[in-house]
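This is start.cif (mmCIF, C-alpha atoms).
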data_model
#
loop_
_atom_site.group_PDB
_atom_site.id
_atom_site.type_symbol
_atom_site.label_atom_id
_atom_site.label_comp_id
_atom_site.auth_asym_id
_atom_site.auth_seq_id
_atom_site.Cartn_x
_atom_site.Cartn_y
_atom_site.Cartn_z
ATOM 1 C CA MET A 1 21.012 12.522 6.070
ATOM 2 C CA HIS A 2 22.692 15.788 5.052
ATOM 3 C CA SER A 3 21.708 18.563 7.391
ATOM 4 C CA ASP A 4 20.727 20.799 4.460
ATOM 5 C CA HIS A 5 18.189 18.137 3.471
ATOM 6 C CA LYS A 6 16.224 18.329 6.706
ATOM 7 C CA PHE A 7 13.681 20.332 4.744
ATOM 8 C CA LEU A 8 14.002 18.718 1.301
ATOM 9 C CA ASP A 9 13.640 15.144 2.581
ATOM 10 C CA PRO A 10 10.200 15.590 4.161
ATOM 11 C CA LEU A 11 9.117 17.746 1.221
ATOM 12 C CA ALA A 12 10.083 15.064 -1.325
ATOM 13 C CA THR A 13 8.359 12.446 0.843
ATOM 14 C CA LEU A 14 5.184 14.519 1.081
ATOM 15 C CA VAL A 15 5.074 15.228 -2.667
ATOM 16 C CA SER A 16 5.679 11.534 -3.403
ATOM 17 C CA GLY A 17 2.705 10.587 -1.242
ATOM 18 C CA LEU A 18 0.627 13.340 -2.836
ATOM 19 C CA LEU A 19 1.299 12.090 -6.376
ATOM 20 C CA PHE A 20 0.583 8.526 -5.274
ATOM 21 C CA GLY A 21 -2.683 9.575 -3.612
ATOM 22 C CA PHE A 22 -3.773 11.692 -6.587
ATOM 23 C CA GLY A 23 -3.049 8.754 -8.903
ATOM 24 C CA LEU A 24 -5.012 6.370 -6.679
ATOM 25 C CA ALA A 25 -7.996 8.712 -6.872
ATOM 26 C CA TRP A 26 -7.684 9.138 -10.633
ATOM 27 C CA SER A 27 -7.457 5.403 -11.220
ATOM 28 C CA THR A 28 -10.707 5.030 -9.152
ATOM 29 C CA MET A 29 -8.897 2.546 -6.892
ATOM 30 C CA ILE A 30 -9.966 4.673 -3.921
ATOM 31 C CA ARG A 31 -13.464 3.394 -4.547
ATOM 32 C CA PRO A 32 -13.736 -0.140 -3.121
ATOM 33 C CA GLU A 33 -16.435 -0.946 -5.698
ATOM 34 C CA SER A 34 -13.834 -0.494 -8.475
ATOM 35 C CA VAL A 35 -11.473 -2.921 -6.797
ATOM 36 C CA LEU A 36 -14.292 -5.430 -6.247
ATOM 37 C CA ALA A 37 -15.281 -5.105 -9.932
ATOM 38 C CA PHE A 38 -11.709 -6.156 -10.721
ATOM 39 C CA LEU A 39 -11.598 -8.983 -8.187
ATOM 40 C CA THR A 40 -14.874 -10.392 -9.510
ATOM 41 C CA LEU A 41 -13.354 -10.157 -13.017
ATOM 42 C CA TYR A 42 -16.070 -7.778 -14.218
ATOM 43 C CA ASP A 43 -13.599 -5.001 -15.185
ATOM 44 C CA LEU A 44 -9.919 -5.854 -15.563
ATOM 45 C CA GLY A 45 -8.824 -2.216 -15.826
ATOM 46 C CA LEU A 46 -6.773 -2.452 -12.638
ATOM 47 C CA LEU A 47 -4.281 -4.495 -14.619
ATOM 48 C CA PHE A 48 -3.413 -1.251 -16.390
ATOM 49 C CA VAL A 49 -3.003 0.566 -13.065
ATOM 50 C CA LEU A 50 -0.591 -2.110 -11.911
ATOM 51 C CA GLY A 51 1.051 -2.279 -15.324
ATOM 52 C CA SER A 52 1.912 1.395 -15.597
ATOM 53 C CA ALA A 53 2.877 1.804 -11.923
ATOM 54 C CA VAL A 54 5.113 -1.282 -11.969
ATOM 55 C CA GLY A 55 6.444 -0.643 -15.473
ATOM 56 C CA LEU A 56 7.681 2.810 -14.590
ATOM 57 C CA ASN A 57 9.255 1.652 -11.342
ATOM 58 C CA LEU A 58 10.822 -1.403 -12.901
ATOM 59 C CA VAL A 59 12.940 0.987 -14.959
ATOM 60 C CA VAL A 60 13.628 3.309 -12.003
ATOM 61 C CA TYR A 61 14.397 0.557 -9.446
ATOM 62 C CA GLN A 62 16.651 -1.355 -11.848
ATOM 63 C CA LEU A 63 18.497 1.564 -13.443
ATOM 64 C CA MET A 64 18.896 4.172 -10.702
ATOM 65 C CA PRO A 65 21.106 2.181 -8.283
ATOM 66 C CA ARG A 66 23.285 1.177 -11.254
ATOM 67 C CA LEU A 67 23.590 4.683 -12.679
ATOM 68 C CA CYS A 68 23.940 6.651 -9.441
ATOM 69 C CA ARG A 69 25.774 5.646 -6.307
ATOM 70 C CA ARG A 70 23.489 7.746 -4.156
ATOM 71 C CA THR A 71 20.010 9.202 -4.256
ATOM 72 C CA LEU A 72 19.376 12.826 -5.218
ATOM 73 C CA LEU A 73 19.444 13.731 -1.521
ATOM 74 C CA GLY A 74 22.676 11.822 -0.958
ATOM 75 C CA THR A 75 21.280 8.786 0.868
ATOM 76 C CA ASP A 76 21.627 5.100 -0.011
ATOM 77 C CA PHE A 77 19.109 3.192 -2.084
ATOM 78 C CA GLN A 78 17.333 0.860 0.360
ATOM 79 C CA GLN A 79 16.471 -2.756 -0.268
ATOM 80 C CA ARG A 80 13.023 -3.972 0.740
ATOM 81 C CA PRO A 81 13.714 -6.518 3.484
ATOM 82 C CA PHE A 82 11.632 -9.581 2.706
ATOM 83 C CA ALA A 83 12.042 -13.314 3.042
ATOM 84 C CA MET A 84 9.240 -15.615 2.019
ATOM 85 C CA ASP A 85 8.216 -18.270 4.552
ATOM 86 C CA ARG A 86 5.103 -19.968 5.851
ATOM 87 C CA SER A 87 3.977 -17.091 8.035
ATOM 88 C CA THR A 88 4.378 -14.454 5.307
ATOM 89 C CA LEU A 89 2.393 -16.722 3.006
ATOM 90 C CA LEU A 90 -0.343 -16.889 5.657
ATOM 91 C CA GLY A 91 -0.172 -13.088 5.812
ATOM 92 C CA GLY A 92 -0.715 -12.879 2.059
ATOM 93 C CA ILE A 93 -3.698 -15.219 2.313
ATOM 94 C CA LEU A 94 -5.320 -13.204 5.137
ATOM 95 C CA PHE A 95 -4.632 -9.934 3.317
ATOM 96 C CA GLY A 96 -6.196 -11.336 0.143
ATOM 97 C CA ILE A 97 -9.335 -12.458 2.010
ATOM 98 C CA GLY A 98 -9.707 -9.027 3.632
ATOM 99 C CA TRP A 99 -9.109 -7.329 0.281
ATOM 100 C CA GLY A 100 -11.752 -9.520 -1.337
ATOM 101 C CA ILE A 101 -14.299 -8.820 1.411
ATOM 102 C CA CYS A 102 -14.206 -5.031 1.285
ATOM 103 C CA GLY A 103 -12.141 -3.975 -1.759
ATOM 104 C CA VAL A 104 -9.911 -1.791 0.410
ATOM 105 C CA CYS A 105 -6.155 -1.753 0.677
ATOM 106 C CA PRO A 106 -4.013 0.567 2.804
ATOM 107 C CA GLY A 107 -2.979 3.161 0.183
ATOM 108 C CA PRO A 108 -6.401 3.602 -1.423
ATOM 109 C CA ALA A 109 -8.048 3.765 2.023
ATOM 110 C CA LEU A 110 -5.862 6.764 2.926
ATOM 111 C CA ALA A 111 -6.309 8.545 -0.408
ATOM 112 C CA GLY A 112 -10.029 7.760 -0.384
ATOM 113 C CA LEU A 113 -10.370 9.327 3.051
ATOM 114 C CA GLY A 114 -8.715 12.450 1.656
ATOM 115 C CA ALA A 115 -11.205 12.415 -1.212
ATOM 116 C CA GLY A 116 -14.008 12.586 1.357
ATOM 117 C CA ASN A 117 -15.144 8.985 1.874
ATOM 118 C CA LEU A 118 -15.478 9.034 5.660
ATOM 119 C CA ASP A 119 -16.687 5.400 5.756
ATOM 120 C CA LEU A 120 -13.063 4.491 5.144
ATOM 121 C CA LEU A 121 -12.275 5.638 8.696
ATOM 122 C CA ILE A 122 -13.833 2.331 9.782
ATOM 123 C CA ALA A 123 -11.469 0.400 7.510
ATOM 124 C CA LEU A 124 -8.455 2.472 8.579
ATOM 125 C CA ALA A 125 -9.237 1.990 12.273
ATOM 126 C CA ALA A 126 -9.586 -1.750 11.680
ATOM 127 C CA ILE A 127 -6.268 -1.853 9.772
ATOM 128 C CA PHE A 128 -4.598 -0.103 12.728
ATOM 129 C CA VAL A 129 -6.095 -2.681 15.093
ATOM 130 C CA GLY A 130 -4.988 -5.522 12.815
ATOM 131 C CA ALA A 131 -1.428 -4.164 12.745
ATOM 132 C CA LEU A 132 -1.503 -3.783 16.547
ATOM 133 C CA LEU A 133 -2.679 -7.378 17.015
ATOM 134 C CA HIS A 134 0.089 -8.537 14.679
ATOM 135 C CA GLY A 135 2.772 -6.745 16.717
ATOM 136 C CA LEU A 136 1.453 -8.101 20.026
ATOM 137 C CA TRP A 137 1.128 -11.587 18.531
ATOM 138 C CA VAL A 138 4.743 -11.554 17.336
ATOM 139 C CA ASP A 139 5.882 -10.634 20.867
ATOM 140 C CA ALA A 140 3.705 -13.333 22.407
ATOM 141 C CA ARG A 141 5.316 -15.927 20.137
ATOM 142 C CA SER A 142 8.883 -14.861 20.994
ATOM 143 C CA PRO A 143 9.125 -14.211 24.765
ATOM 144 C CA GLN A 144 12.731 -12.969 24.451
ATOM 145 C CA GLY A 145 11.409 -10.166 22.302
ATOM 146 C CA ASP A 146 13.761 -10.766 19.397
ATOM 147 C CA ALA A 147 11.034 -9.876 16.937
ATOM 148 C CA MET B 1 -13.850 -8.489 -26.803
ATOM 149 C CA LEU B 2 -11.701 -5.755 -25.272
ATOM 150 C CA SER B 3 -14.691 -3.635 -24.343
ATOM 151 C CA ALA B 4 -16.138 -6.655 -22.528
ATOM 152 C CA LEU B 5 -13.027 -6.927 -20.360
ATOM 153 C CA PHE B 6 -12.707 -3.161 -19.885
ATOM 154 C CA PRO B 7 -16.250 -1.756 -19.829
ATOM 155 C CA LEU B 8 -15.081 1.628 -18.498
ATOM 156 C CA GLY B 9 -12.133 2.020 -20.877
ATOM 157 C CA ILE B 10 -8.517 2.011 -19.826
ATOM 158 C CA THR B 11 -7.380 5.645 -20.003
ATOM 159 C CA HIS B 12 -8.030 6.646 -16.384
ATOM 160 C CA TYR B 13 -6.572 3.356 -15.183
ATOM 161 C CA ALA B 14 -3.328 3.754 -17.119
ATOM 162 C CA LEU B 15 -2.951 7.469 -16.293
ATOM 163 C CA GLY B 16 -3.788 6.996 -12.612
ATOM 164 C CA GLY B 17 -1.335 4.114 -12.406
ATOM 165 C CA ALA B 18 1.377 6.191 -14.064
ATOM 166 C CA LEU B 19 0.854 8.971 -11.537
ATOM 167 C CA MET B 20 0.976 6.474 -8.659
ATOM 168 C CA GLY B 21 4.163 5.087 -10.138
ATOM 169 C CA LEU B 22 5.587 8.579 -10.436
ATOM 170 C CA GLY B 23 5.033 9.134 -6.694
ATOM 171 C CA VAL B 24 6.736 5.865 -5.767
ATOM 172 C CA ALA B 25 9.571 6.605 -8.209
ATOM 173 C CA LEU B 26 10.085 10.124 -6.821
ATOM 174 C CA LEU B 27 10.378 8.764 -3.282
ATOM 175 C CA TYR B 28 12.954 6.200 -4.401
ATOM 176 C CA VAL B 29 15.009 8.579 -6.537
ATOM 177 C CA THR B 30 15.133 11.326 -3.895
ATOM 178 C CA THR B 31 15.359 9.328 -0.656
ATOM 179 C CA GLY B 32 16.035 5.700 -1.646
ATOM 180 C CA ARG B 33 12.956 4.517 0.270
ATOM 181 C CA PRO B 34 10.671 1.825 -1.128
ATOM 182 C CA GLY B 35 7.225 3.431 -0.881
ATOM 183 C CA GLY B 36 5.159 0.669 0.660
ATOM 184 C CA VAL B 37 2.202 1.982 2.651
ATOM 185 C CA SER B 38 1.235 -0.720 5.140
ATOM 186 C CA THR B 39 4.252 -0.476 7.482
ATOM 187 C CA PHE B 40 2.862 2.922 8.510
ATOM 188 C CA PHE B 41 0.147 1.092 10.431
ATOM 189 C CA SER B 42 2.812 -0.635 12.568
ATOM 190 C CA SER B 43 5.378 2.154 12.780
ATOM 191 C CA SER B 44 2.748 4.584 14.088
ATOM 192 C CA TRP B 45 2.076 2.333 17.102
ATOM 193 C CA SER B 46 5.734 2.832 18.056
ATOM 194 C CA TRP B 47 4.879 6.409 19.134
ATOM 195 C CA LEU B 48 2.591 4.932 21.801
ATOM 196 C CA LEU B 49 3.781 1.430 22.652
ATOM 197 C CA LYS B 50 7.122 0.310 24.037
ATOM 198 C CA THR B 51 6.656 -3.430 23.525
ATOM 199 C CA PRO B 52 9.606 -5.272 21.912
ATOM 200 C CA PHE B 53 7.993 -5.502 18.481
ATOM 201 C CA PHE B 54 7.039 -1.840 18.308
ATOM 202 C CA ARG B 55 10.441 -0.786 19.671
ATOM 203 C CA GLN B 56 12.227 -2.238 16.628
ATOM 204 C CA ALA B 57 14.613 0.211 15.007
ATOM 205 C CA SER B 58 13.099 -0.429 11.575
ATOM 206 C CA LEU B 59 9.752 0.914 12.837
ATOM 207 C CA VAL B 60 11.004 3.691 15.110
ATOM 208 C CA ASP B 61 13.479 4.998 12.537
ATOM 209 C CA SER B 62 10.960 5.088 9.711
ATOM 210 C CA ARG B 63 7.874 6.273 11.583
ATOM 211 C CA ARG B 64 8.454 9.947 10.826
ATOM 212 C CA TRP B 65 8.806 9.723 7.060
ATOM 213 C CA ARG B 66 5.996 7.172 6.905
ATOM 214 C CA LEU B 67 3.694 9.609 8.679
ATOM 215 C CA ILE B 68 4.619 12.363 6.200
ATOM 216 C CA TYR B 69 4.187 10.000 3.240
ATOM 217 C CA THR B 70 0.761 8.989 4.579
ATOM 218 C CA LEU B 71 -0.224 12.622 5.006
ATOM 219 C CA GLY B 72 0.743 13.068 1.342
ATOM 220 C CA LEU B 73 -1.537 10.198 0.321
ATOM 221 C CA VAL B 74 -4.499 11.743 2.132
ATOM 222 C CA LEU B 75 -3.733 15.194 0.693
ATOM 223 C CA GLY B 76 -3.387 13.669 -2.793
ATOM 224 C CA GLY B 77 -6.922 12.297 -2.578
ATOM 225 C CA GLY B 78 -8.107 15.669 -1.294
ATOM 226 C CA LEU B 79 -6.364 17.579 -4.088
ATOM 227 C CA TYR B 80 -8.005 15.329 -6.674
ATOM 228 C CA VAL B 81 -11.431 16.385 -5.382
ATOM 229 C CA LEU B 82 -10.351 20.003 -4.968
ATOM 230 C CA VAL B 83 -9.435 20.392 -8.631
ATOM 231 C CA GLY B 84 -12.933 19.186 -9.502
ATOM 232 C CA LEU B 85 -12.254 15.695 -10.847
ATOM 233 C CA PRO B 86 -15.123 13.213 -10.526
ATOM 234 C CA VAL B 87 -15.601 10.814 -7.601
ATOM 235 C CA GLU B 88 -18.444 8.339 -7.378
ATOM 236 C CA ALA B 89 -19.994 7.583 -4.006
ATOM 237 C CA SER B 90 -19.154 4.320 -2.291
ATOM 238 C CA HIS B 91 -21.529 2.127 -0.291
ATOM 239 C CA ILE B 92 -19.625 -0.695 1.352
ATOM 240 C CA PRO B 93 -21.362 -1.997 4.518
ATOM 241 C CA ALA B 94 -19.565 -1.042 7.746
ATOM 242 C CA TRP B 95 -19.167 -4.660 8.893
ATOM 243 C CA LYS B 96 -17.273 -5.488 5.703
ATOM 244 C CA LEU B 97 -14.937 -2.519 6.168
ATOM 245 C CA ALA B 98 -14.337 -3.472 9.802
ATOM 246 C CA PHE B 99 -13.865 -7.202 9.305
ATOM 247 C CA GLY B 100 -11.951 -6.833 6.042
ATOM 248 C CA GLY B 101 -9.813 -4.079 7.547
ATOM 249 C CA LEU B 102 -8.768 -6.289 10.462
ATOM 250 C CA LEU B 103 -7.621 -9.035 8.100
ATOM 251 C CA ILE B 104 -5.907 -6.475 5.874
ATOM 252 C CA GLY B 105 -3.974 -4.906 8.758
ATOM 253 C CA PHE B 106 -2.927 -8.203 10.315
ATOM 254 C CA GLY B 107 -2.273 -9.916 6.990
ATOM 255 C CA ALA B 108 -0.310 -7.109 5.358
ATOM 256 C CA ARG B 109 2.003 -6.824 8.361
ATOM 257 C CA LEU B 110 2.435 -10.584 8.704
ATOM 258 C CA GLY B 111 2.978 -10.828 4.959
ATOM 259 C CA GLY B 112 5.582 -8.079 4.906
ATOM 260 C CA GLY B 113 3.683 -5.747 2.631
ATOM 261 C CA CYS B 114 0.541 -4.903 0.706
ATOM 262 C CA THR B 115 -0.390 -3.962 -2.824
ATOM 263 C CA SER B 116 2.070 -1.053 -2.842
ATOM 264 C CA GLY B 117 4.983 -2.708 -1.028
ATOM 265 C CA HIS B 118 4.902 -6.075 -2.791
ATOM 266 C CA GLY B 119 2.790 -5.064 -5.785
ATOM 267 C CA ILE B 120 4.753 -2.012 -6.901
ATOM 268 C CA CYS B 121 8.111 -1.799 -5.057
ATOM 269 C CA GLY B 122 8.720 -5.541 -4.660
ATOM 270 C CA MET B 123 7.847 -6.378 -8.250
ATOM 271 C CA ALA B 124 9.891 -3.416 -9.509
ATOM 272 C CA SER B 125 12.806 -4.836 -7.471
ATOM 273 C CA LEU B 126 12.205 -8.192 -9.240
ATOM 274 C CA SER B 127 11.871 -9.848 -5.828
ATOM 275 C CA PRO B 128 10.683 -13.455 -6.351
ATOM 276 C CA GLY B 129 9.032 -13.444 -2.901
ATOM 277 C CA SER B 130 6.991 -10.369 -3.794
ATOM 278 C CA PHE B 131 5.797 -11.955 -7.043
ATOM 279 C CA LEU B 132 4.619 -14.964 -5.030
ATOM 280 C CA MET B 133 2.915 -12.721 -2.480
ATOM 281 C CA VAL B 134 1.095 -10.792 -5.226
ATOM 282 C CA VAL B 135 -0.113 -14.035 -6.803
ATOM 283 C CA THR B 136 -1.236 -15.216 -3.335
ATOM 284 C CA PHE B 137 -3.246 -12.161 -2.308
ATOM 285 C CA LEU B 138 -4.585 -11.566 -5.796
ATOM 286 C CA GLY B 139 -5.744 -15.185 -5.953
ATOM 287 C CA MET B 140 -7.340 -15.060 -2.504
ATOM 288 C CA GLY B 141 -8.892 -11.682 -3.308
ATOM 289 C CA ILE B 142 -10.484 -13.008 -6.497
ATOM 290 C CA VAL B 143 -11.780 -16.153 -4.769
ATOM 291 C CA THR B 144 -13.163 -14.223 -1.777
ATOM 292 C CA ALA B 145 -14.771 -11.389 -3.750
ATOM 293 C CA SER B 146 -16.318 -13.859 -6.216
ATOM 294 C CA LEU B 147 -17.633 -16.030 -3.380
ATOM 295 C CA PHE B 148 -19.231 -13.028 -1.655
ATOM 296 C CA LYS B 149 -20.769 -11.901 -4.949
ATOM 297 C CA TRP B 150 -22.095 -15.392 -5.614
ATOM 298 C CA LEU B 151 -23.551 -15.574 -2.094
ATOM 299 C CA GLY B 152 -25.087 -12.147 -2.643
ATOM 300 C CA VAL B 153 -23.620 -10.557 0.512
#
Rewritten as structure tokens:
Amino acid sequence: MHSDHKFLDPLATLVSGLLFGFGLAWSTMIRPESVLAFLTLYDLGLLFVLGSAVGLNLVVYQLMPRLCRRTLLGTDFQQRPFAMDRSTLLGGILFGIGWGICGVCPGPALAGLGAGNLDLLIALAAIFVGALLHGLWVDARSPQGDA
Amino acid sequence: MLSALFPLGITHYALGGALMGLGVALLYVTTGRPGGVSTFFSSSWSWLLKTPFFRQASLVDSRRWRLIYTLGLVLGGGLYVLVGLPVEASHIPAWKLAFGGLLIGFGARLGGGCTSGHGICGMASLSPGSFLMVVTFLGMGIVTASLFKWLGV
């Protein structure tokens, strides 16, 4: 990172999160009931949330690395590291079950907390515990620690 | 027909989604980071725990920006309320939040991402694995939520 971006980098990151959180609130996704209305196929509006968020980023993610060699702050465009296998599939299944039970996912839980829904502290604490158990479980499965 | 599928209209959904997308896009354009949220819940443990998994460079090196990004998400929700936009109350039983949250935390980390990581960044990257993951958790979410509704719990 350029040294003159020590201030701009966190600022851009904070504003990005802020826009994301504001959008989550506006779309009503911060309210688990809205998500459950979608998952029970009562109101399919979340398709439009996904559609506009993905549509915009499809253009950005596909065009930016081709048009610019570096980001605005001079860093490299990062690839999401992901390889599909049996355990990631199991992860997707467990995530989906949890999502279907309470209508919460990580981003909306954080934005919803900011919007004053303190019940979401329970969900956030549980997500932290789930992530902790995952990390400890990975270590337990690979004694050498090459996680 | 359309009003049956979208009883609350689509405007706030499309506009909210666009704003969410704008946040993710800004992060990518300025810093090159894919703005998935769920890794924060692992990377934050690296401040406290020195076990092999939580000592991974990918978590330690990203924990700072992820914390700032998360702070932004919380502030974004707060700003929405502050400017006087409407929020409806939510009444999800605590046991559902706790039990669901556990599965969400474990599952998202095992699955390499959540609705933002796979759903927005992964699909925008045209990652075949992310498309499969979205289909998987969306399918399981629909089955589970419908089952709970049918059971009346």
ask   = Could you work out how far atom CA of Ala123 of chain A lies from atom CA of Ile92 of chain B, giving the answer in Å with one decimal?
value =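 Spanning atom CA of Ile92 of chain B to atom CA of Ala123 of chain A is a straight-line distance of 10.3 Å.
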Each segment 33-121 of chain B residue no farther than 12 Å from segment 106-109 of chain A, nearest pair in Å, all atoms listed in the file, as a tab-separated table:
residue	atom	partner	partner_atom	distance
B:Gly35	CA	A:Gly107	CA	10.3
B:Gly36	CA	A:Gly107	CA	8.5
B:Val37	CA	A:Gly107	CA	5.9
B:Ser38	CA	A:Pro106	CA	5.9
B:Thr39	CA	A:Pro106	CA	9.6
B:Phe40	CA	A:Pro106	CA	9.2
B:Phe41	CA	A:Pro106	CA	8.7
B:Ser42	CA	A:Pro106	CA	12.0
B:Arg66	CA	A:Gly107	CA	11.9
B:Tyr69	CA	A:Gly107	CA	10.4
B:Thr70	CA	A:Gly107	CA	8.2
B:Leu71	CA	A:Gly107	CA	11.0
B:Gly72	CA	A:Gly107	CA	10.6
B:Leu73	CA	A:Gly107	CA	7.2
B:Val74	CA	A:Ala109	CA	8.7
B:Gly76	CA	A:Pro108	CA	10.6
B:Gly77	CA	A:Pro108	CA	8.8
B:Ser90	CA	A:Ala109	CA	11.9
B:Leu97	CA	A:Ala109	CA	10.2
B:Gly100	CA	A:Pro106	CA	11.3
B:Gly101	CA	A:Pro106	CA	8.8
B:Leu102	CA	A:Pro106	CA	11.3
B:Leu103	CA	A:Pro106	CA	11.5
B:Ile104	CA	A:Pro106	CA	7.9
B:Gly105	CA	A:Pro106	CA	8.1
B:Phe106	CA	A:Pro106	CA	11.6
B:Gly107	CA	A:Pro106	CA	11.4
B:Ala108	CA	A:Pro106	CA	8.9
B:Arg109	CA	A:Pro106	CA	11.0
B:Gly113	CA	A:Pro106	CA	10.0
B:Cys114	CA	A:Pro106	CA	7.4
B:Thr115	CA	A:Pro106	CA	8.1
B:Ser116	CA	A:Gly107	CA	7.2
B:Gly117	CA	A:Gly107	CA	10.0
B:Gly119	CA	A:Gly107	CA	11.7
B:Ile120	CA	A:Gly107	CA	11.7
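The coordinates place atom CA of Ile30 of chain A at 4.7 Å from atom CA of Gly112 of chain A.
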inquiry  = So, with only C-alpha atoms as the atoms that count, which of A:Leu63, A:Gln79, A:Leu132, A:Thr40 lies closest to Leu147 of chain B?
reply    =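 Of A:Leu63, A:Gln79, A:Leu132, A:Thr40, the one nearest Leu147 of chain B, counting only C-alpha atoms, is A:Thr40.
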So that all listed atoms of segment 23-26 of chain A fit with 3 Å spare on each side, what axis-aligned box centre and edge lengths in Å, to one decimal, would you give as JSON?
{"center_x": -5.5, "center_y": 7.8, "center_z": -8.7, "size_x": 10.9, "size_y": 8.8, "size_z": 10.0}
ask   = For this file, the PyMOL selection byres ((chain A and resi 78) around 12) selects which residues, as a list in words?
value =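 Residues picked by the PyMOL selection byres ((chain A and resi 78) around 12): Tyr61, Met64, Pro65, Arg69, Arg70, Thr71, Thr75, Asp76, Phe77, Gln79, Arg80 and Pro81 of chain A; Leu27, Tyr28, Val29, Thr30, Thr31, Gly32, Arg33, Pro34, Gly35, Cys121, Gly122 and Ser125 of chain B.
Against this structure, the PyMOL selection byres ((chain A and resi 117) around 10) ends up with Ile30, Arg31, Ala109, Leu110, Ala111, Gly112, Leu113, Gly114, Ala115, Gly116, Leu118, Asp119, Leu120 and Leu121 of chain A; Gly77, Val87, Glu88, Ala89, Ser90 and His91 of chain B.
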task = Fewer than 4 positions away in the same chain doesn't count, so skip those; otherwise give me all residues within 6 Å of Phe6 of chain B, counting all atoms listed in the file, as a VMD selection string.
result = chain A and resid 43 to 45
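Straight-line separation from atom CA of Gly130 of chain A to atom CA of Leu47 of chain A: 27.5 Å.
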key: Selection result of the PyMOL selection byres ((chain A and resi 93) around 9) on this file, as an MDAnalysis selection string   = (chainID A and resid 88:92 94:98) or (chainID B and resid 107 111 133 136:141)
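Distance annotation: of A:Leu72, A:Ala83, A:Leu133, A:Cys102, the residue with the minimal separation from His5 of chain A is A:Leu72; atom set is all atoms listed in the file.
When only C-alpha atoms are used to compute distances to chain A, the closest of the residues B:Ser44, B:Ser127, B:Ser146, B:Thr11 turns out to be B:Ser146.
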Contact residues around Asn57 of chain A with all atoms listed in the file at 8 Å, ignoring same-chain residues under 6 positions, as a list in words =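 Listed by chain and then number, they are Gly21, Leu22, Val24, Ala25, Ile120, Cys121 and Ala124 of chain B.
Of the residues under consideration (A:Leu19, A:Val60, A:Ala140, A:Leu41), A:Ala140 shows the shortest atom-to-atom contact distance to Pro52 of chain B when counting all atoms listed in the file.
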Tell me which protein, DNA and RNA residues are within 10 Å of Phe53 of chain B, counting all atoms listed in the file, leaving out same-chain ones fewer than 6 positions away, and put them as a tab-separated table (two decimals) with C-alpha atoms, in the coordinates of the input.
chain	number	residue	atom	x	y	z
A	132	LEU	CA	-1.50	-3.78	16.55
A	134	HIS	CA	0.09	-8.54	14.68
A	135	GLY	CA	2.77	-6.74	16.72
A	136	LEU	CA	1.45	-8.10	20.03
A	137	TRP	CA	1.13	-11.59	18.53
A	138	VAL	CA	4.74	-11.55	17.34
A	139	ASP	CA	5.88	-10.63	20.87
A	140	ALA	CA	3.70	-13.33	22.41
A	142	SER	CA	8.88	-14.86	20.99
A	145	GLY	CA	11.41	-10.17	22.30
A	146	ASP	CA	13.76	-10.77	19.40
A	147	ALA	CA	11.03	-9.88	16.94
B	42	SER	CA	2.81	-0.64	12.57
B	43	SER	CA	5.38	2.15	12.78
B	45	TRP	CA	2.08	2.33	17.10
B	46	SER	CA	5.73	2.83	18.06
B	59	LEU	CA	9.75	0.91	12.84
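With distances restricted to only C-alpha atoms, B:Trp65 is the closest residue to Leu8 of chain A from B:Phe131, B:Trp65, B:Tyr13, B:Phe148.
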